[in-house]
Amino acid sequence: MNMQNKTDKLGFWSIVLLAINSIIGSGIFLTPGSVVAMVGTKAPLVYLIAAVFAAMLALTFAAAAKYVTKSGAAYSYAKAAYGENMGFYMGVVRFFSASVAWGVIKSTLSIFGADSTSFKNITWGFVVLMAIILLINFFGQRFLTWVSNLATIGKLLALGLIIVAGIIVFLKTGVSHFHDLDALKAANGQPLIPKLTTSGLVMAVIAAFYAFTGFESVASGSEDMKDPQKNLPRAIPLAIMVIALVYIGTILVAMAINPAAIVKTKQVVAITAIFQARWLRVLIELGALISMFGINVAASFHTPRVLEAMAKEHQAPQWLAKRTRHDFPAYPFIITLALAIFIPMAFQYNMTAIIVLSAMVRFFEFIVIPLGVIRFYRGANVKLVLTAERNWLTDVLLPVLSVAFTIFLLFKFDWVGEFGISTAQGIVPNWFAIIGMAVGFVILPVGLFMMLRHEKS
């Protein structure tokens with residue numbers, strides 16, 4: 001029985017912080033130079049364009065949240081818009097992909113100088129991480145919210161430190177190296193930054209866009225939030241705006257101070273390469289660790305609640321809907337924890353397979369849910385939804401644009417690169433990625449559907 005008091009639920013600002021925590025991970029700390037290396041001085045513009053597309057999708061998901069406030073996010077939206085079968089399928093693939101997408105351990109080991117290729121090190125790292133997150137969740141919603149908020153503030157402070165320190169360096173030296181990128185040369189003497197083309201700009205926008213994903217999971221625990229139908233549509237776009245400002249500020253500072261460093265550095269936390277002071281680098285590395293830990297805390301809030309939501313809707317065993325006296329969905333969390341440890345282990349920590357699965361589920365969500373919002377607007381939904389104020393801009397136009405953008409992403413996706421491995425003999429199949437897709441999209445949903453139908457009969 002859920003004994004949660006309304007005072008324990010997440011308020012507006014906690015939802016904003018949760019959204020920020022769900023989106024900002026390791027990318028802006030570890031790989032900011034990848035976009036810069038693609039488009040040079042146009043990198044800030046690329047992040048701005050990516051933020052616009054992310055905000056467009058985020059507003060579409062926020063529009064769905066005003067019609068459906070049940071936990072489960074995409075699962076609950078799909079079930080309300082299309083019916084039981086689509087909801088079940090969305091719930092299974094979303095839960096599975098979110099359960100196995102915990103890629104923080106290798107980066108953490110590298111930061112501490114440990115062997116990040118060691119099967120033993122990675123396994124123990126996963127076990128320790130899950131034990132810590134289990135302990136945090138065990139103490140209930142209020143403690144989890146406190147840790148998540150603290151982690152969010154920590155990562156924002158670290159990124160703020162980068163921006164402030166960069167501005168101070170610029171004011172002291174009075175020199176901007178922003179356009180030094182145009183003169184950088186590769187080892188063969190060719191320009192390090194390629195000539196800007198439409199195709200190159202598009203690929204850079206796509207790369208930057210992935211730094212904004214994560215907003216689609218925020219509403220997974222909407223029943224643990226105060227007035228989600230009002231707060232989610234305001235909180236998610238605000239979080240995207242804050243993140244866009246932080247990302248663009250960080251990239252501008254890095255390019256003004258030392259753009260060559262973030263493009264050429266071999267350091268794990270690449271953004272530290274722009275500074276000389278050791279103490280500053282250490283603080284930024286600490287911020288990167290907090291950021292990676294924080295996004296996993298956020299995932300530990302979202303992911304189990306998808307399975308719990310399915311149980312409440314009688315699309316999973318009922319015992320999964322029971323909570324502890326601390327209002328903790330223990331059984332869904334334990335299943336999440338088991339998948340998080342054993343599935344990557346079974347794939348020998350081949351992160352490509354896991355990343356591909358996560359990307360495919362996002363593509364699936366980014367088509368199904370916007371079309372579902374249009375169904376809500378037209379009153380064509382299968383299940384009852386809340387009576388919400390209809391808005392043609394957020395409920396029709398933005399969903400249509402979101403679907404068009406997602407189809408474009410699918411068209412530009414590197415299918416050969418993700419499902420194949422380059423060898424001296426040519427391209428060979430990446431069986432980890434292929435098997436991961438088969439398990440996540442076919443075998444698991446069909447198997448669980450047959451089990452559920454047998455249980456009901």
# chains A, B, ... in the order shown; residues from 1 in each chain; ligands from 1
>>> residues_around(residues="Pro329 of chain A", least_positions_apart="6", cutoff="9 Å", atoms="only C-alpha atoms", output="NGL selection string")
:A and (137-138 or 304-305 or 308 or 320-323)
>>> select_by_dssp(residues="segment 139-310 of chain A", states="helix (DSSP H, G or I)", output="VMD selection string")
chain A and resid 141 to 173 178 to 183 198 to 212 215 to 224 228 to 257 259 to 264 270 to 274 278 to 310
>>> closest_atom_pairs(of="segment 66-149 of chain A", to="segment 381-399 of chain A", cutoff="12 Å", atoms="only C-alpha atoms", output="tab-separated table")
residue	atom	partner	partner_atom	distance
A:Lys66	CA	A:Ala388	CA	6.3
A:Tyr67	CA	A:Leu386	CA	4.8
A:Val68	CA	A:Val385	CA	5.8
A:Thr69	CA	A:Leu386	CA	8.2
A:Lys70	CA	A:Val385	CA	10.0
A:Ser76	CA	A:Lys383	CA	10.0
A:Tyr77	CA	A:Val385	CA	9.4
A:Ala78	CA	A:Asn381	CA	9.4
A:Lys79	CA	A:Lys383	CA	7.3
A:Ala80	CA	A:Lys383	CA	4.5
A:Ala81	CA	A:Asn381	CA	4.3
A:Tyr82	CA	A:Val382	CA	5.6
A:Gly83	CA	A:Val382	CA	5.5
A:Glu84	CA	A:Val382	CA	8.9
A:Asn85	CA	A:Val382	CA	11.3
A:Met86	CA	A:Val382	CA	10.9
A:Gly87	CA	A:Lys383	CA	10.8
>>> closest_residue(among="A:Ala380, A:Met310, A:Gly249, A:Ile421", to="Gly160 of chain A", atoms="only C-alpha atoms")
A:Gly249
>>> residues_around(residues="Ile434 of chain A", least_positions_apart="6", cutoff="10 Å", atoms="only C-alpha atoms", output="PyMOL selection string")
chain A and resi 353+356-357+418-420
>>> write_last_selection(atoms="N, CA, C and O atoms", output="mmCIF file, in the first residue's frame")
data_model
loop_
_atom_site.group_PDB
_atom_site.id
_atom_site.type_symbol
_atom_site.label_atom_id
_atom_site.label_comp_id
_atom_site.auth_asym_id
_atom_site.auth_seq_id
_atom_site.Cartn_x
_atom_site.Cartn_y
_atom_site.Cartn_z
ATOM 1 N N ALA A 353 26.576 -2.218 -28.248
ATOM 2 C CA ALA A 353 25.293 -2.907 -28.319
ATOM 3 C C ALA A 353 24.249 -2.225 -27.449
ATOM 4 O O ALA A 353 23.090 -2.066 -27.841
ATOM 5 N N VAL A 356 23.247 1.229 -28.962
ATOM 6 C CA VAL A 356 22.360 1.053 -30.114
ATOM 7 C C VAL A 356 20.936 0.762 -29.648
ATOM 8 O O VAL A 356 19.966 1.331 -30.162
ATOM 9 N N LEU A 357 20.798 -0.130 -28.667
ATOM 10 C CA LEU A 357 19.465 -0.461 -28.149
ATOM 11 C C LEU A 357 18.794 0.777 -27.571
ATOM 12 O O LEU A 357 17.610 1.044 -27.837
ATOM 13 N N GLU A 418 27.142 0.921 -36.646
ATOM 14 C CA GLU A 418 26.666 0.418 -35.361
ATOM 15 C C GLU A 418 26.424 -1.094 -35.368
ATOM 16 O O GLU A 418 26.571 -1.757 -34.345
ATOM 17 N N PHE A 419 26.036 -1.634 -36.520
ATOM 18 C CA PHE A 419 25.758 -3.068 -36.596
ATOM 19 C C PHE A 419 26.856 -3.851 -37.308
ATOM 20 O O PHE A 419 26.707 -5.042 -37.566
ATOM 21 N N GLY A 420 27.949 -3.175 -37.605
ATOM 22 C CA GLY A 420 29.080 -3.839 -38.232
ATOM 23 C C GLY A 420 30.382 -3.431 -37.579
ATOM 24 O O GLY A 420 30.462 -2.400 -36.915
#
>>> closest_atom_pairs(of="segment 255-331 of chain A", to="segment 20-42 of chain A", cutoff="9 Å", atoms="only C-alpha atoms", output="tab-separated table")
residue	atom	partner	partner_atom	distance
A:Met255	CA	A:Thr41	CA	7.8
A:Pro259	CA	A:Val36	CA	8.2
A:Ala260	CA	A:Gly33	CA	8.9
A:Ala261	CA	A:Gly33	CA	8.5
A:Ile262	CA	A:Gly33	CA	4.9
A:Val263	CA	A:Gly33	CA	4.7
A:Lys264	CA	A:Gly33	CA	8.0
A:Thr265	CA	A:Gly33	CA	8.7
A:Gln267	CA	A:Leu30	CA	8.3
A:Val268	CA	A:Leu30	CA	6.0
A:Val269	CA	A:Leu30	CA	4.4
A:Ala270	CA	A:Leu30	CA	5.0
A:Ile271	CA	A:Phe29	CA	5.4
A:Thr272	CA	A:Phe29	CA	8.0
A:Ile284	CA	A:Phe29	CA	8.2
A:Glu285	CA	A:Phe29	CA	8.2
A:Gly287	CA	A:Phe29	CA	8.5
A:Ala288	CA	A:Phe29	CA	6.0
A:Leu289	CA	A:Ser26	CA	8.1
A:Ser291	CA	A:Gly25	CA	5.4
A:Met292	CA	A:Gly25	CA	5.2
A:Phe293	CA	A:Gly25	CA	8.4
A:Gly294	CA	A:Asn21	CA	6.1
A:Ile295	CA	A:Ser22	CA	5.3
A:Asn296	CA	A:Ser22	CA	8.1
A:Val297	CA	A:Asn21	CA	8.4
A:Ala298	CA	A:Ser22	CA	5.5
A:Ala299	CA	A:Ser22	CA	7.0
>>> write_last_selection(atoms="N, CA and C atoms", output="PDB file, in the first residue's frame")
ATOM      1  N   MET A 255      36.359  27.254 -26.214  1.00  0.00           N
ATOM      2  CA  MET A 255      36.887  27.688 -27.509  1.00  0.00           C
ATOM      3  C   MET A 255      37.633  29.013 -27.414  1.00  0.00           C
ATOM      4  N   PRO A 259      40.910  26.119 -27.568  1.00  0.00           N
ATOM      5  CA  PRO A 259      40.132  25.187 -28.382  1.00  0.00           C
ATOM      6  C   PRO A 259      40.930  23.981 -28.864  1.00  0.00           C
ATOM      7  N   ALA A 260      42.233  24.181 -29.098  1.00  0.00           N
ATOM      8  CA  ALA A 260      43.052  23.068 -29.566  1.00  0.00           C
ATOM      9  C   ALA A 260      43.101  21.949 -28.535  1.00  0.00           C
ATOM     10  N   ALA A 261      43.056  22.327 -27.255  1.00  0.00           N
ATOM     11  CA  ALA A 261      43.180  21.332 -26.186  1.00  0.00           C
ATOM     12  C   ALA A 261      42.010  20.354 -26.185  1.00  0.00           C
ATOM     13  N   ILE A 262      40.770  20.857 -26.315  1.00  0.00           N
ATOM     14  CA  ILE A 262      39.629  19.954 -26.233  1.00  0.00           C
ATOM     15  C   ILE A 262      39.494  19.088 -27.480  1.00  0.00           C
ATOM     16  N   VAL A 263      40.127  19.511 -28.572  1.00  0.00           N
ATOM     17  CA  VAL A 263      40.088  18.708 -29.797  1.00  0.00           C
ATOM     18  C   VAL A 263      41.160  17.626 -29.772  1.00  0.00           C
ATOM     19  N   LYS A 264      42.338  17.948 -29.236  1.00  0.00           N
ATOM     20  CA  LYS A 264      43.484  17.039 -29.301  1.00  0.00           C
ATOM     21  C   LYS A 264      43.736  16.238 -28.023  1.00  0.00           C
ATOM     22  N   THR A 265      43.166  16.643 -26.883  1.00  0.00           N
ATOM     23  CA  THR A 265      43.517  16.021 -25.612  1.00  0.00           C
ATOM     24  C   THR A 265      43.182  14.533 -25.562  1.00  0.00           C
ATOM     25  N   GLN A 267      43.007  13.254 -22.365  1.00  0.00           N
ATOM     26  CA  GLN A 267      42.520  13.123 -21.000  1.00  0.00           C
ATOM     27  C   GLN A 267      41.090  12.603 -20.994  1.00  0.00           C
ATOM     28  N   VAL A 268      40.752  11.855 -19.947  1.00  0.00           N
ATOM     29  CA  VAL A 268      39.408  11.286 -19.842  1.00  0.00           C
ATOM     30  C   VAL A 268      38.378  12.402 -19.741  1.00  0.00           C
ATOM     31  N   VAL A 269      38.581  13.328 -18.790  1.00  0.00           N
ATOM     32  CA  VAL A 269      37.693  14.481 -18.650  1.00  0.00           C
ATOM     33  C   VAL A 269      38.279  15.577 -19.534  1.00  0.00           C
ATOM     34  N   ALA A 270      37.881  15.572 -20.799  1.00  0.00           N
ATOM     35  CA  ALA A 270      38.528  16.404 -21.813  1.00  0.00           C
ATOM     36  C   ALA A 270      38.446  17.895 -21.511  1.00  0.00           C
ATOM     37  N   ILE A 271      37.364  18.331 -20.901  1.00  0.00           N
ATOM     38  CA  ILE A 271      37.166  19.758 -20.678  1.00  0.00           C
ATOM     39  C   ILE A 271      38.227  20.349 -19.746  1.00  0.00           C
ATOM     40  N   THR A 272      38.867  19.506 -18.917  1.00  0.00           N
ATOM     41  CA  THR A 272      39.911  20.009 -18.006  1.00  0.00           C
ATOM     42  C   THR A 272      41.147  20.471 -18.756  1.00  0.00           C
ATOM     43  N   ILE A 284      37.019  20.077 -11.465  1.00  0.00           N
ATOM     44  CA  ILE A 284      36.195  19.742 -12.626  1.00  0.00           C
ATOM     45  C   ILE A 284      36.034  18.233 -12.758  1.00  0.00           C
ATOM     46  N   GLU A 285      37.100  17.482 -12.487  1.00  0.00           N
ATOM     47  CA  GLU A 285      36.998  16.019 -12.499  1.00  0.00           C
ATOM     48  C   GLU A 285      36.005  15.532 -11.452  1.00  0.00           C
ATOM     49  N   GLY A 287      33.469  17.254 -10.429  1.00  0.00           N
ATOM     50  CA  GLY A 287      32.165  17.586 -10.999  1.00  0.00           C
ATOM     51  C   GLY A 287      31.707  16.557 -12.010  1.00  0.00           C
ATOM     52  N   ALA A 288      32.653  16.045 -12.812  1.00  0.00           N
ATOM     53  CA  ALA A 288      32.321  15.006 -13.792  1.00  0.00           C
ATOM     54  C   ALA A 288      31.848  13.733 -13.095  1.00  0.00           C
ATOM     55  N   LEU A 289      32.535  13.368 -12.010  1.00  0.00           N
ATOM     56  CA  LEU A 289      32.135  12.172 -11.247  1.00  0.00           C
ATOM     57  C   LEU A 289      30.746  12.360 -10.642  1.00  0.00           C
ATOM     58  N   SER A 291      28.441  14.302 -11.773  1.00  0.00           N
ATOM     59  CA  SER A 291      27.485  14.306 -12.885  1.00  0.00           C
ATOM     60  C   SER A 291      27.134  12.884 -13.311  1.00  0.00           C
ATOM     61  N   MET A 292      28.140  12.037 -13.437  1.00  0.00           N
ATOM     62  CA  MET A 292      27.894  10.648 -13.847  1.00  0.00           C
ATOM     63  C   MET A 292      27.117   9.891 -12.784  1.00  0.00           C
ATOM     64  N   PHE A 293      27.461  10.129 -11.521  1.00  0.00           N
ATOM     65  CA  PHE A 293      26.727   9.478 -10.435  1.00  0.00           C
ATOM     66  C   PHE A 293      25.292   9.981 -10.393  1.00  0.00           C
ATOM     67  N   GLY A 294      25.115  11.285 -10.579  1.00  0.00           N
ATOM     68  CA  GLY A 294      23.782  11.875 -10.507  1.00  0.00           C
ATOM     69  C   GLY A 294      22.834  11.342 -11.555  1.00  0.00           C
ATOM     70  N   ILE A 295      23.322  11.152 -12.773  1.00  0.00           N
ATOM     71  CA  ILE A 295      22.433  10.669 -13.826  1.00  0.00           C
ATOM     72  C   ILE A 295      22.017   9.225 -13.562  1.00  0.00           C
ATOM     73  N   ASN A 296      22.859   8.478 -12.853  1.00  0.00           N
ATOM     74  CA  ASN A 296      22.486   7.121 -12.473  1.00  0.00           C
ATOM     75  C   ASN A 296      21.470   7.118 -11.338  1.00  0.00           C
ATOM     76  N   VAL A 297      21.584   8.081 -10.422  1.00  0.00           N
ATOM     77  CA  VAL A 297      20.567   8.231  -9.372  1.00  0.00           C
ATOM     78  C   VAL A 297      19.219   8.561  -9.998  1.00  0.00           C
ATOM     79  N   ALA A 298      19.237   9.467 -10.990  1.00  0.00           N
ATOM     80  CA  ALA A 298      17.995   9.809 -11.690  1.00  0.00           C
ATOM     81  C   ALA A 298      17.413   8.586 -12.385  1.00  0.00           C
ATOM     82  N   ALA A 299      18.271   7.785 -13.012  1.00  0.00           N
ATOM     83  CA  ALA A 299      17.802   6.565 -13.686  1.00  0.00           C
ATOM     84  C   ALA A 299      17.204   5.577 -12.692  1.00  0.00           C
TER      85      ALA A 299
END
